$ cat coords-v9.cif   # mmCIF, C-alpha atoms and all ligand atoms
data_target
#
loop_
_atom_site.label_atom_id
_atom_site.label_comp_id
_atom_site.auth_asym_id
_atom_site.auth_seq_id
_atom_site.Cartn_x
_atom_site.Cartn_y
_atom_site.Cartn_z
CA MET A 1 -97.25 -56.30 -112.21
CA VAL A 2 -95.88 -53.13 -113.80
CA LYS A 3 -98.61 -51.04 -115.42
CA TYR A 4 -97.74 -48.84 -118.39
CA ASN A 5 -99.75 -46.35 -120.37
CA CYS A 6 -99.03 -45.14 -123.91
CA LEU A 7 -100.00 -41.53 -124.57
CA ASN A 8 -99.21 -41.99 -128.28
CA PRO A 9 -99.12 -45.13 -130.43
CA ILE A 10 -95.77 -46.86 -129.86
CA ALA A 11 -94.40 -49.35 -132.41
CA PRO A 12 -95.31 -52.99 -131.55
CA ILE A 13 -91.69 -54.15 -131.99
CA GLY A 14 -90.94 -52.16 -128.83
CA LEU A 15 -94.06 -53.00 -126.83
CA ASN A 16 -93.56 -56.70 -127.60
CA LEU A 17 -90.41 -56.58 -125.46
CA PHE A 18 -92.58 -56.19 -122.35
CA THR A 19 -92.93 -59.56 -120.64
CA GLU A 20 -95.94 -60.99 -118.78
CA LYS A 21 -94.88 -58.94 -115.78
CA TYR A 22 -96.11 -55.83 -117.60
CA GLU A 23 -99.68 -54.76 -118.26
CA LYS A 24 -100.78 -52.10 -120.74
CA ILE A 25 -103.47 -49.88 -119.26
CA GLU A 26 -105.58 -47.24 -120.93
CA SER A 27 -105.38 -44.53 -118.29
CA LEU A 28 -102.51 -42.64 -116.76
CA GLU A 29 -104.02 -42.75 -113.26
CA SER A 30 -102.51 -45.97 -111.97
CA ALA A 31 -99.54 -46.19 -114.35
CA ASP A 32 -96.04 -47.00 -113.12
CA ALA A 33 -94.59 -45.99 -116.46
CA VAL A 34 -95.60 -43.90 -119.46
CA LEU A 35 -94.48 -44.04 -123.08
CA VAL A 36 -95.04 -40.91 -125.12
CA ARG A 37 -94.08 -39.23 -128.38
CA SER A 38 -95.23 -35.64 -128.91
CA ALA A 39 -98.40 -35.64 -126.77
CA SER A 40 -98.19 -32.78 -124.31
CA MET A 41 -97.85 -33.82 -120.69
CA LEU A 42 -97.37 -30.26 -119.49
CA ASP A 43 -100.84 -29.91 -117.97
CA LEU A 44 -101.41 -33.48 -116.88
CA ASN A 45 -101.75 -34.54 -113.26
CA LEU A 46 -98.89 -36.91 -112.63
CA PRO A 47 -100.01 -39.78 -110.38
CA GLU A 48 -98.01 -40.52 -107.22
CA ASN A 49 -97.39 -44.04 -108.46
CA LEU A 50 -95.68 -42.90 -111.66
CA LYS A 51 -91.99 -43.78 -111.70
CA ALA A 52 -90.78 -43.36 -115.26
CA ILE A 53 -91.62 -41.63 -118.54
CA ALA A 54 -89.93 -42.64 -121.78
CA ARG A 55 -90.13 -40.21 -124.68
CA ALA A 56 -89.85 -42.35 -127.82
CA GLY A 57 -87.96 -39.59 -129.61
CA ALA A 58 -85.57 -36.73 -128.93
CA GLY A 59 -87.37 -33.52 -127.95
CA VAL A 60 -88.69 -33.40 -124.39
CA ASN A 61 -90.29 -29.94 -124.40
CA ASN A 62 -93.71 -31.66 -124.10
CA ILE A 63 -92.78 -33.06 -120.67
CA PRO A 64 -92.55 -31.04 -117.42
CA LEU A 65 -89.01 -32.17 -116.57
CA ASP A 66 -88.60 -30.27 -113.31
CA LYS A 67 -92.03 -31.23 -112.02
CA CYS A 68 -91.20 -34.86 -112.81
CA ALA A 69 -87.80 -34.67 -111.10
CA GLU A 70 -89.44 -33.11 -108.05
CA LYS A 71 -91.81 -36.10 -107.87
CA GLY A 72 -88.97 -38.59 -108.32
CA ILE A 73 -90.13 -39.50 -111.83
CA VAL A 74 -87.27 -40.31 -114.18
CA VAL A 75 -87.72 -39.03 -117.75
CA PHE A 76 -85.88 -40.78 -120.57
CA ASN A 77 -85.53 -39.99 -124.27
CA THR A 78 -84.06 -42.04 -127.11
CA PRO A 79 -80.98 -40.17 -128.36
CA GLY A 80 -80.21 -40.67 -132.02
CA ALA A 81 -82.94 -43.27 -132.57
CA ASN A 82 -84.77 -41.16 -135.15
CA ALA A 83 -81.84 -39.09 -136.40
CA ASN A 84 -81.52 -40.75 -139.79
CA GLY A 85 -85.23 -40.31 -140.46
CA VAL A 86 -84.91 -36.59 -139.81
CA LYS A 87 -81.70 -36.30 -141.84
CA GLU A 88 -83.37 -37.77 -144.90
CA LEU A 89 -86.28 -35.33 -144.64
CA VAL A 90 -83.95 -32.36 -144.18
CA ILE A 91 -82.23 -33.31 -147.44
CA ALA A 92 -85.67 -33.51 -149.07
CA GLY A 93 -86.43 -30.05 -147.62
CA LEU A 94 -83.23 -28.72 -149.12
CA MET A 95 -84.32 -29.91 -152.54
CA LEU A 96 -87.90 -28.69 -152.14
CA ALA A 97 -86.59 -25.21 -151.37
CA SER A 98 -84.21 -25.10 -154.30
CA ARG A 99 -86.74 -25.53 -157.07
CA ASP A 100 -90.50 -25.00 -156.67
CA ILE A 101 -91.17 -28.73 -156.81
CA VAL A 102 -94.36 -28.55 -154.73
CA GLY A 103 -95.75 -25.65 -156.79
CA GLY A 104 -94.84 -27.49 -159.98
CA ILE A 105 -96.52 -30.73 -158.91
CA ASN A 106 -99.66 -28.86 -157.91
CA TRP A 107 -99.68 -27.03 -161.24
CA VAL A 108 -99.44 -30.30 -163.19
CA GLN A 109 -102.45 -31.59 -161.26
CA SER A 110 -104.39 -28.46 -162.21
CA ILE A 111 -103.79 -29.06 -165.93
CA ARG A 112 -103.82 -32.85 -165.93
CA GLU A 113 -107.18 -33.13 -167.81
CA ASP A 114 -105.90 -30.99 -170.69
CA GLU A 115 -104.97 -33.12 -173.69
CA ASN A 116 -102.08 -30.74 -174.36
CA VAL A 117 -100.63 -31.27 -170.92
CA ALA A 118 -97.21 -32.29 -172.27
CA LYS A 119 -96.93 -29.10 -174.35
CA LEU A 120 -98.23 -26.93 -171.49
CA VAL A 121 -95.61 -28.41 -169.17
CA GLU A 122 -92.76 -27.44 -171.48
CA LYS A 123 -94.20 -23.95 -171.94
CA GLY A 124 -94.89 -23.25 -168.28
CA LYS A 125 -92.08 -25.05 -166.43
CA SER A 126 -89.80 -22.04 -166.13
CA LYS A 127 -92.05 -20.64 -163.38
CA PHE A 128 -90.84 -23.44 -161.14
CA ALA A 129 -87.13 -23.37 -161.98
CA GLY A 130 -84.53 -22.81 -159.28
CA LYS A 131 -80.96 -23.39 -158.22
CA GLU A 132 -78.68 -26.33 -157.56
CA ILE A 133 -77.24 -26.97 -154.11
CA LEU A 134 -73.84 -28.05 -155.42
CA GLY A 135 -71.13 -25.70 -154.12
CA LYS A 136 -73.56 -23.64 -152.03
CA LYS A 137 -72.77 -22.77 -148.45
CA PHE A 138 -74.78 -24.74 -145.91
CA GLY A 139 -74.80 -23.91 -142.20
CA VAL A 140 -75.77 -26.39 -139.52
CA ILE A 141 -76.55 -25.05 -136.04
CA GLY A 142 -76.49 -27.84 -133.47
CA LEU A 143 -74.20 -30.76 -134.18
CA GLY A 144 -75.94 -33.47 -132.20
CA ALA A 145 -77.32 -36.77 -133.49
CA ILE A 146 -79.24 -35.11 -136.33
CA GLY A 147 -76.98 -32.14 -137.09
CA VAL A 148 -73.93 -34.35 -137.65
CA LEU A 149 -75.79 -36.64 -140.07
CA VAL A 150 -77.22 -33.64 -141.93
CA ALA A 151 -73.84 -31.91 -142.17
CA ASN A 152 -72.08 -35.04 -143.45
CA ALA A 153 -74.84 -35.76 -145.97
CA ALA A 154 -74.81 -32.20 -147.32
CA LYS A 155 -71.04 -32.42 -147.70
CA ARG A 156 -71.42 -35.62 -149.69
CA LEU A 157 -73.91 -33.78 -151.93
CA GLY A 158 -71.18 -31.29 -152.78
CA MET A 159 -72.09 -28.41 -150.49
CA GLU A 160 -69.61 -26.32 -148.53
CA VAL A 161 -70.72 -27.11 -145.00
CA TYR A 162 -70.27 -25.00 -141.87
CA GLY A 163 -71.16 -26.30 -138.41
CA CYS A 164 -71.63 -24.61 -135.06
CA ASP A 165 -72.18 -26.24 -131.67
CA PRO A 166 -70.46 -24.80 -128.59
CA TYR A 167 -71.47 -27.87 -126.55
CA ILE A 168 -70.73 -30.61 -129.07
CA SER A 169 -70.18 -34.01 -127.41
CA VAL A 170 -67.02 -36.00 -127.99
CA GLU A 171 -69.06 -38.77 -129.63
CA HIS A 172 -70.65 -36.40 -132.12
CA ALA A 173 -67.35 -34.65 -132.80
CA TRP A 174 -65.86 -38.04 -133.71
CA ASN A 175 -68.68 -38.66 -136.18
CA LEU A 176 -68.45 -35.29 -137.88
CA SER A 177 -66.68 -35.36 -141.24
CA ARG A 178 -63.34 -33.57 -141.12
CA ASP A 179 -64.45 -31.63 -144.19
CA ILE A 180 -67.03 -29.70 -142.19
CA ILE A 181 -65.84 -26.18 -141.40
CA SER A 182 -66.28 -25.64 -137.69
CA VAL A 183 -67.22 -22.09 -136.70
CA LYS A 184 -67.26 -20.64 -133.21
CA THR A 185 -70.46 -18.63 -133.29
CA LYS A 186 -73.85 -18.80 -134.92
CA GLU A 187 -73.22 -15.31 -136.33
CA ASP A 188 -70.55 -16.82 -138.61
CA ILE A 189 -73.20 -19.13 -140.02
CA TYR A 190 -75.79 -16.38 -140.34
CA LYS A 191 -73.39 -14.17 -142.30
CA GLU A 192 -71.84 -16.82 -144.49
CA CYS A 193 -74.43 -19.36 -145.58
CA ASP A 194 -76.97 -19.71 -148.39
CA TYR A 195 -78.89 -22.40 -146.52
CA ILE A 196 -79.21 -22.57 -142.73
CA THR A 197 -80.64 -25.48 -140.77
CA VAL A 198 -81.23 -25.62 -137.01
CA HIS A 199 -80.92 -28.82 -134.96
CA VAL A 200 -80.92 -27.63 -131.37
CA PRO A 201 -83.37 -28.43 -128.57
CA LEU A 202 -86.00 -25.86 -127.63
CA LEU A 203 -84.58 -24.21 -124.51
CA ASP A 204 -84.80 -20.76 -122.98
CA ASP A 205 -81.64 -19.71 -124.81
CA THR A 206 -82.63 -21.15 -128.19
CA LYS A 207 -86.24 -19.93 -128.22
CA LYS A 208 -86.83 -17.53 -131.15
CA MET A 209 -83.13 -17.64 -132.03
CA ILE A 210 -84.16 -17.00 -135.64
CA ASN A 211 -85.59 -13.48 -135.42
CA LYS A 212 -85.34 -10.12 -137.17
CA ASP A 213 -81.88 -9.42 -135.72
CA THR A 214 -80.36 -12.74 -136.71
CA ILE A 215 -82.15 -12.69 -140.09
CA ALA A 216 -80.70 -9.22 -140.72
CA MET A 217 -77.21 -10.73 -140.56
CA MET A 218 -78.06 -13.30 -143.24
CA LYS A 219 -77.51 -13.16 -146.99
CA ASP A 220 -80.36 -11.95 -149.17
CA GLY A 221 -82.36 -14.90 -150.46
CA VAL A 222 -81.24 -17.26 -147.69
CA VAL A 223 -83.16 -20.51 -147.18
CA ILE A 224 -83.95 -21.51 -143.60
CA LEU A 225 -84.78 -25.06 -142.58
CA ASN A 226 -86.35 -25.87 -139.24
CA PHE A 227 -86.79 -29.52 -138.40
CA ALA A 228 -86.34 -28.95 -134.68
CA ARG A 229 -89.23 -26.96 -133.10
CA ASP A 230 -91.46 -24.11 -134.32
CA LEU A 231 -90.69 -21.87 -131.34
CA LEU A 232 -87.04 -21.61 -132.40
CA VAL A 233 -88.27 -19.11 -134.98
CA ASN A 234 -90.06 -15.80 -134.47
CA ASP A 235 -92.92 -16.27 -136.93
CA GLU A 236 -93.79 -12.58 -137.29
CA ASP A 237 -90.19 -11.75 -138.16
CA MET A 238 -90.09 -14.66 -140.58
CA GLU A 239 -93.24 -13.45 -142.32
CA GLU A 240 -91.72 -10.03 -142.84
CA ALA A 241 -88.45 -11.51 -144.13
CA LEU A 242 -90.32 -13.75 -146.58
CA LYS A 243 -92.38 -10.83 -147.83
CA SER A 244 -89.31 -8.69 -148.45
CA GLY A 245 -87.43 -11.57 -150.12
CA LYS A 246 -84.68 -11.48 -147.51
CA VAL A 247 -85.58 -15.11 -146.81
CA ALA A 248 -86.38 -17.00 -150.02
CA LYS A 249 -87.99 -20.02 -148.39
CA TYR A 250 -88.69 -21.25 -144.88
CA VAL A 251 -88.98 -25.01 -144.68
CA THR A 252 -90.53 -26.21 -141.45
CA ASP A 253 -91.52 -29.59 -140.07
CA PHE A 254 -93.54 -27.78 -137.39
CA PRO A 255 -96.32 -25.78 -139.04
CA ASN A 256 -98.52 -23.77 -136.69
CA ALA A 257 -101.50 -21.44 -137.08
CA LYS A 258 -99.20 -18.65 -138.21
CA THR A 259 -96.87 -20.46 -140.62
CA ALA A 260 -99.10 -23.17 -142.14
CA GLY A 261 -100.51 -20.86 -144.80
CA MET A 262 -97.69 -18.30 -144.91
CA GLU A 263 -96.42 -17.36 -148.38
CA GLY A 264 -92.91 -18.73 -148.91
CA VAL A 265 -93.24 -21.45 -146.28
CA ILE A 266 -92.86 -25.10 -147.18
CA ALA A 267 -94.78 -26.75 -144.37
CA ILE A 268 -94.32 -30.45 -143.69
CA PRO A 269 -96.59 -32.14 -141.13
CA HIS A 270 -93.93 -33.14 -138.57
CA LEU A 271 -92.76 -36.16 -140.54
CA GLY A 272 -89.10 -36.14 -139.48
CA ALA A 273 -89.36 -39.20 -137.26
CA SER A 274 -92.31 -40.76 -139.03
CA THR A 275 -90.59 -43.66 -140.73
CA GLU A 276 -90.96 -47.32 -139.86
CA GLU A 277 -87.30 -47.48 -138.96
CA SER A 278 -87.27 -44.46 -136.65
CA GLU A 279 -90.51 -45.47 -134.97
CA ASP A 280 -89.15 -48.97 -134.38
CA ASN A 281 -85.78 -47.71 -133.11
CA CYS A 282 -87.40 -45.26 -130.72
CA ALA A 283 -89.91 -47.79 -129.41
CA VAL A 284 -87.27 -50.44 -128.78
CA MET A 285 -84.94 -48.01 -127.00
CA ALA A 286 -87.76 -46.49 -124.92
CA VAL A 287 -89.09 -49.86 -123.77
CA LYS A 288 -85.60 -51.09 -122.86
CA GLU A 289 -85.05 -47.95 -120.80
CA ILE A 290 -88.31 -48.50 -118.91
CA LYS A 291 -87.56 -52.19 -118.32
CA ASP A 292 -84.02 -51.55 -117.10
CA TYR A 293 -85.30 -48.94 -114.70
CA MET A 294 -88.28 -50.91 -113.42
CA GLU A 295 -86.43 -54.21 -113.08
CA TYR A 296 -82.93 -53.13 -112.01
CA GLY A 297 -83.14 -49.44 -111.17
CA ILE A 298 -80.72 -48.73 -114.03
CA ILE A 299 -80.96 -45.22 -115.48
CA LYS A 300 -79.73 -44.73 -119.05
CA ASN A 301 -80.51 -41.71 -121.25
CA SER A 302 -82.40 -39.75 -118.64
CA VAL A 303 -82.84 -36.05 -119.17
CA ASN A 304 -83.68 -35.14 -115.56
CA TYR A 305 -81.77 -37.70 -113.45
CA PRO A 306 -78.18 -38.91 -113.67
CA ASP A 307 -77.34 -42.03 -115.58
CA CYS A 308 -76.64 -44.83 -113.10
CA ASP A 309 -75.94 -48.50 -113.69
CA ALA A 310 -75.53 -50.68 -110.60
CA GLY A 311 -75.83 -53.85 -112.68
CA VAL A 312 -77.81 -56.79 -111.35
CA CYS A 313 -78.37 -56.92 -107.60
CA ALA A 314 -76.29 -59.80 -106.17
CA SER A 315 -77.67 -59.59 -102.64
CA GLY A 316 -81.27 -59.93 -103.75
CA LYS A 317 -82.66 -56.71 -102.20
CA ARG A 318 -82.19 -53.36 -103.85
CA ILE A 319 -83.47 -50.01 -102.61
CA THR A 320 -83.41 -47.07 -105.02
CA ILE A 321 -83.83 -43.52 -103.83
CA ASN A 322 -84.54 -40.45 -105.98
CA HIS A 323 -83.61 -37.40 -103.98
CA LYS A 324 -82.44 -33.82 -103.96
CA ASN A 325 -78.74 -33.24 -104.54
CA ILE A 326 -78.07 -31.77 -101.09
CA PRO A 327 -75.51 -32.50 -98.36
CA ASN A 328 -75.74 -35.29 -95.83
CA MET A 329 -78.12 -37.56 -97.75
CA LEU A 330 -75.85 -40.59 -98.02
CA SER A 331 -75.01 -40.67 -94.33
CA GLN A 332 -78.70 -40.56 -93.50
CA PHE A 333 -79.45 -43.42 -95.92
CA THR A 334 -76.66 -45.65 -94.65
CA GLY A 335 -77.46 -44.69 -91.04
CA THR A 336 -81.10 -45.71 -91.52
CA VAL A 337 -80.16 -49.12 -92.92
CA SER A 338 -77.33 -49.75 -90.41
CA ALA A 339 -79.65 -48.89 -87.52
CA GLU A 340 -81.56 -52.08 -88.42
CA ASN A 341 -78.27 -53.99 -88.25
CA ILE A 342 -78.34 -54.66 -92.01
CA ASN A 343 -75.23 -54.75 -94.15
CA ILE A 344 -75.00 -52.73 -97.37
CA SER A 345 -73.19 -54.79 -100.00
CA ASN A 346 -73.21 -52.22 -102.78
CA LEU A 347 -73.87 -48.49 -102.93
CA ILE A 348 -73.93 -46.09 -105.87
CA ASN A 349 -74.77 -42.41 -105.75
CA LYS A 350 -74.95 -40.13 -108.79
CA SER A 351 -76.13 -36.59 -109.25
CA LYS A 352 -77.24 -34.32 -112.06
CA GLY A 353 -77.97 -30.68 -111.30
CA ASP A 354 -80.40 -30.39 -108.41
CA TYR A 355 -81.26 -34.08 -108.32
CA ALA A 356 -79.52 -37.29 -107.33
CA TYR A 357 -80.08 -41.02 -107.30
CA THR A 358 -78.81 -43.63 -104.88
CA VAL A 359 -78.88 -47.41 -105.17
CA LEU A 360 -78.38 -49.51 -102.03
CA ASP A 361 -78.04 -53.30 -102.29
CA ILE A 362 -78.61 -54.79 -98.86
CA GLU A 363 -78.12 -58.15 -97.18
CA GLY A 364 -81.29 -58.56 -95.19
CA ASN A 365 -84.97 -57.82 -95.37
CA VAL A 366 -86.29 -54.45 -96.39
CA THR A 367 -88.66 -53.69 -93.55
CA ASP A 368 -91.53 -51.21 -93.61
CA THR A 369 -89.64 -49.28 -90.92
CA ILE A 370 -86.65 -48.76 -93.19
CA ILE A 371 -88.81 -47.59 -96.07
CA LYS A 372 -90.79 -45.22 -93.88
CA LYS A 373 -87.63 -43.77 -92.34
CA LEU A 374 -86.04 -43.27 -95.77
CA ASN A 375 -89.20 -41.61 -97.07
CA ASP A 376 -89.23 -39.29 -94.06
CA ILE A 377 -85.76 -37.89 -94.79
CA THR A 378 -86.04 -34.31 -96.03
CA GLY A 379 -85.05 -34.20 -99.69
CA VAL A 380 -86.10 -37.77 -100.49
CA LEU A 381 -88.51 -37.79 -103.43
CA LYS A 382 -89.17 -41.46 -104.13
CA VAL A 383 -88.08 -44.77 -102.61
CA ARG A 384 -88.45 -48.08 -104.42
CA VAL A 385 -87.67 -51.65 -103.46
CA ILE A 386 -86.70 -53.92 -106.33
N1 LIG B 1 -88.59 -33.19 -136.94
C1 LIG B 1 -88.58 -34.23 -136.12
O1 LIG B 1 -89.38 -35.15 -136.25
C2 LIG B 1 -87.53 -34.30 -135.04
C3 LIG B 1 -87.02 -35.55 -134.67
C4 LIG B 1 -86.04 -35.58 -133.68
C5 LIG B 1 -85.63 -34.42 -133.07
N2 LIG B 1 -86.18 -33.25 -133.42
C6 LIG B 1 -85.76 -31.98 -132.79
O2 LIG B 1 -84.39 -31.81 -133.09
C7 LIG B 1 -83.67 -31.49 -131.91
C8 LIG B 1 -82.27 -32.05 -132.03
O3 LIG B 1 -82.33 -33.46 -132.05
P1 LIG B 1 -81.01 -34.35 -131.88
O4 LIG B 1 -81.47 -35.76 -131.86
O5 LIG B 1 -79.98 -33.94 -132.84
O6 LIG B 1 -80.58 -33.92 -130.41
P2 LIG B 1 -79.12 -33.91 -129.79
O7 LIG B 1 -79.33 -33.70 -128.33
O8 LIG B 1 -78.35 -35.10 -130.23
O9 LIG B 1 -78.43 -32.62 -130.42
C9 LIG B 1 -78.71 -31.33 -130.05
C10 LIG B 1 -77.43 -30.53 -130.18
O10 LIG B 1 -77.73 -29.15 -130.02
C11 LIG B 1 -76.63 -28.58 -129.35
N3 LIG B 1 -77.01 -27.30 -128.78
C12 LIG B 1 -77.74 -27.06 -127.68
N4 LIG B 1 -77.89 -25.74 -127.50
C13 LIG B 1 -77.23 -25.13 -128.53
C14 LIG B 1 -77.00 -23.79 -128.91
N5 LIG B 1 -77.50 -22.78 -128.19
N6 LIG B 1 -76.28 -23.54 -130.02
C15 LIG B 1 -75.79 -24.55 -130.78
N7 LIG B 1 -75.95 -25.85 -130.45
C16 LIG B 1 -76.66 -26.13 -129.36
C17 LIG B 1 -76.20 -29.61 -128.33
O11 LIG B 1 -74.87 -29.41 -127.92
C18 LIG B 1 -76.38 -30.89 -129.13
O12 LIG B 1 -75.18 -31.29 -129.74
C19 LIG B 1 -84.49 -32.12 -130.78
O13 LIG B 1 -84.30 -31.44 -129.55
C20 LIG B 1 -85.90 -31.99 -131.28
O14 LIG B 1 -86.44 -30.76 -130.86
C21 LIG B 1 -87.12 -33.15 -134.40
O1 LIG B 2 -88.32 -34.77 -130.98
C1 LIG B 2 -88.59 -35.72 -131.70
O2 LIG B 2 -88.12 -36.87 -131.56
C2 LIG B 2 -89.46 -35.47 -132.90
O3 LIG B 2 -90.04 -34.25 -132.91
C3 LIG B 2 -90.36 -36.60 -133.25
O4 LIG B 2 -91.63 -36.46 -132.68
P1 LIG B 2 -92.71 -37.63 -132.92
O5 LIG B 2 -92.21 -38.81 -132.15
O6 LIG B 2 -93.98 -37.10 -132.36
O7 LIG B 2 -92.77 -37.88 -134.38
#
$ encode --input "coords-v9.cif" --output "structure tokens" --more "lines below"
Ligand SMILES: NC(=O)c1ccc[n+]([C@@H]2O[C@H](COP(=O)([O-])OP(=O)(O)OC[C@H]3O[C@@H](n4cnc5c(N)ncnc54)[C@H](O)[C@@H]3O)[C@@H](O)[C@H]2O)c1
Ligand SMILES: O=C(O)[C@H](O)COP(=O)(O)O
Amino acid sequence: MVKYNCLNPIAPIGLNLFTEKYEKIESLESADAVLVRSASMLDLNLPENLKAIARAGAGVNNIPLDKCAEKGIVVFNTPGANANGVKELVIAGLMLASRDIVGGINWVQSIREDENVAKLVEKGKSKFAGKEILGKKFGVIGLGAIGVLVANAAKRLGMEVYGCDPYISVEHAWNLSRDIISVKTKEDIYKECDYITVHVPLLDDTKKMINKDTIAMMKDGVVILNFARDLLVNDEDMEEALKSGKVAKYVTDFPNAKTAGMEGVIAIPHLGASTEESEDNCAVMAVKEIKDYMEYGIIKNSVNYPDCDAGVCASGKRITINHKNIPNMLSQFTGTVSAENINISNLINKSKGDYAYTVLDIEGNVTDTIIKKLNDITGVLKVRVI
């Protein structure tokens, strides 16, 4: 029986894919697998038994990736599964920043009991007027699953769209409209655009990328949209820029103690992926990833181990080994199995950074001796028999 624990609610359409071989448990302690959305796992004790974590979503900054890799725990995410949900909200954010729609709606509520409400509306509406986005320059930083959809949608709305992503994947480049102006550096976007949106992961080199220096390069009255992570922006610098009018509006899907009540901020309660469709897509992809890994040792969409697909095991006995990416591992694995006079019918080894993964299909019984010897090899992090 494979035990799984959900640290956040996961859509039933995904969980229903688990067969009778899987059991949902309420605690992490004895879990083989974990499904999570944004709950922080950074300070959790990870049980020895834990083999896989699937993030039903994109961002994995709530998961200790290195600590997991070091314990042989494979972490998956669900690339692109919620991208359309985010794209639609970014477009809404663009509109909310262009006229004071939120302020206007709140004002109508404040005068709704007045029998002259219709007249008052016509008299007072100019306070909430704004600009149109047609023909404005729109910069997209990060052209991944979300950035590409956002850039293409903004283009279709009549904006002049600039995109920047030094690491763009071939797949995303194919999906990007040819009408998007590709720029080499973020500085080009900062200097050129009326609206700037960021769609990069939170990493050491993206943290606080929007700060007083980068804001200083921007046009007066720029609008900044952040549907990626709050820590991409230096909040103190943003507050100053909003006060001075340098930044006209900051739209964020990640309000925090500093920005939630800040003047000039349009704060949305992290709704980017909160649509039925995105939640379903993420849940289905996450559960399939867990099942493929638990049942066949297949790794797809991992963020800390290499992707590896050895297909279905024809010989009936499969050993999977999560290990350090260091010399001489394969010869020790094959030597250990051959010493028991067992034939290896299939072998795959893949690596990603400091970590690697090996699948051995063998023709014979997996004895306790083999497993112990494999576990004793320096650099081996987890051994499983499927
Ligand atoms: N608001 C939400 O609900 C929501 C939903 C999904 C994702 N997100 C956030 O959005 C981020 C992006 O999501 P995605 O699905 O598009 O991910 P993705 O991995 O498909 O795209 C990220 C892109 O950023 C690029 N990139 C990385 N570092 C960069 C840099 N320094 N400069 C420019 N580009 C850089 C990568 O090359 C990649 O193309 C996630 O990491 C997550 O933090 C938020
Ligand atoms: O990175 C993500 O996928 C988003 O931030 C969505 O997070 P959520 O699953 O908690 O809505």
$ residues_near_point --input "coords-v9.cif" --point "(-101.9, -49.3, -117.0)" --cutoff "9 Å" --atoms "all atoms listed in the file" --output "NGL selection string"
:A and (2-6 or 22-34)
$ atom_distance --input "coords-v9.cif" --atom1 "atom C18 of ligand LIG 1 (chain B)" --atom2 "atom CA of Val36 of chain A"
21.6 Å
$ residues_near_point --input "coords-v9.cif" --point "(-90.6, -11.7, -140.7)" --cutoff "12 Å" --atoms "all atoms listed in the file" --output "NGL selection string"
:A and (208 or 210-216 or 233-250 or 258-259 or 262-265)
$ atom_distance --input "coords-v9.cif" --atom1 "atom C2 of ligand LIG 2 (chain B)" --atom2 "atom CA of Ser302 of chain A"
16.5 Å
$ axis_aligned_box --input "coords-v9.cif" --around "segment 89-103 of chain A" --padding-each-side "6 Å" --output "lines of an AutoDock Vina configuration file"
center_x = -89.0
center_y = -30.2
center_z = -150.6
size_x = 25.5
size_y = 22.3
size_z = 24.9
$ closest_residue --input "coords-v9.cif" --among "A:Gly139, A:Ile101, A:Thr367, A:Ser315" --to "Lys125 of chain A" --atoms "all atoms listed in the file"
A:Ile101
$ residues_near_ligand --input "coords-v9.cif" --ligand "ligand LIG 1 (chain B)" --cutoff "7 Å" --atoms "all atoms listed in the file" --output "PyMOL selection string"
chain A and resi 57-59+79-80+82-83+86+141-147+164-169+199-202+205-206+227-229+253+270-274
$ write_last_selection --input "coords-v9.cif" --atoms "C-alpha atoms" --output "JSON list (two decimals), in the frame of the given file"
[["chain", "number", "residue", "atom", "x", "y", "z"],
["A", 57, "GLY", "CA", -87.96, -39.59, -129.61],
["A", 58, "ALA", "CA", -85.57, -36.73, -128.93],
["A", 59, "GLY", "CA", -87.37, -33.52, -127.95],
["A", 79, "PRO", "CA", -80.98, -40.17, -128.36],
["A", 80, "GLY", "CA", -80.21, -40.67, -132.02],
["A", 82, "ASN", "CA", -84.77, -41.16, -135.15],
["A", 83, "ALA", "CA", -81.84, -39.09, -136.40],
["A", 86, "VAL", "CA", -84.91, -36.59, -139.81],
["A", 141, "ILE", "CA", -76.55, -25.05, -136.04],
["A", 142, "GLY", "CA", -76.49, -27.84, -133.47],
["A", 143, "LEU", "CA", -74.20, -30.76, -134.18],
["A", 144, "GLY", "CA", -75.94, -33.47, -132.20],
["A", 145, "ALA", "CA", -77.32, -36.77, -133.49],
["A", 146, "ILE", "CA", -79.24, -35.11, -136.33],
["A", 147, "GLY", "CA", -76.98, -32.14, -137.09],
["A", 164, "CYS", "CA", -71.63, -24.61, -135.06],
["A", 165, "ASP", "CA", -72.18, -26.24, -131.67],
["A", 166, "PRO", "CA", -70.46, -24.80, -128.59],
["A", 167, "TYR", "CA", -71.47, -27.87, -126.55],
["A", 168, "ILE", "CA", -70.73, -30.61, -129.07],
["A", 169, "SER", "CA", -70.18, -34.01, -127.41],
["A", 199, "HIS", "CA", -80.92, -28.82, -134.96],
["A", 200, "VAL", "CA", -80.92, -27.63, -131.37],
["A", 201, "PRO", "CA", -83.37, -28.43, -128.57],
["A", 202, "LEU", "CA", -86.00, -25.86, -127.63],
["A", 205, "ASP", "CA", -81.64, -19.71, -124.81],
["A", 206, "THR", "CA", -82.63, -21.15, -128.19],
["A", 227, "PHE", "CA", -86.79, -29.52, -138.40],
["A", 228, "ALA", "CA", -86.34, -28.95, -134.68],
["A", 229, "ARG", "CA", -89.23, -26.96, -133.10],
["A", 253, "ASP", "CA", -91.52, -29.59, -140.07],
["A", 270, "HIS", "CA", -93.93, -33.14, -138.57],
["A", 271, "LEU", "CA", -92.76, -36.16, -140.54],
["A", 272, "GLY", "CA", -89.10, -36.14, -139.48],
["A", 273, "ALA", "CA", -89.36, -39.20, -137.26],
["A", 274, "SER", "CA", -92.31, -40.76, -139.03]]
$ closest_residue --input "coords-v9.cif" --among "A:Glu277, A:Leu176, A:Lys155, A:Gly104" --to "ligand LIG 2 (chain B)" --atoms "only C-alpha atoms and all ligand atoms"
A:Glu277
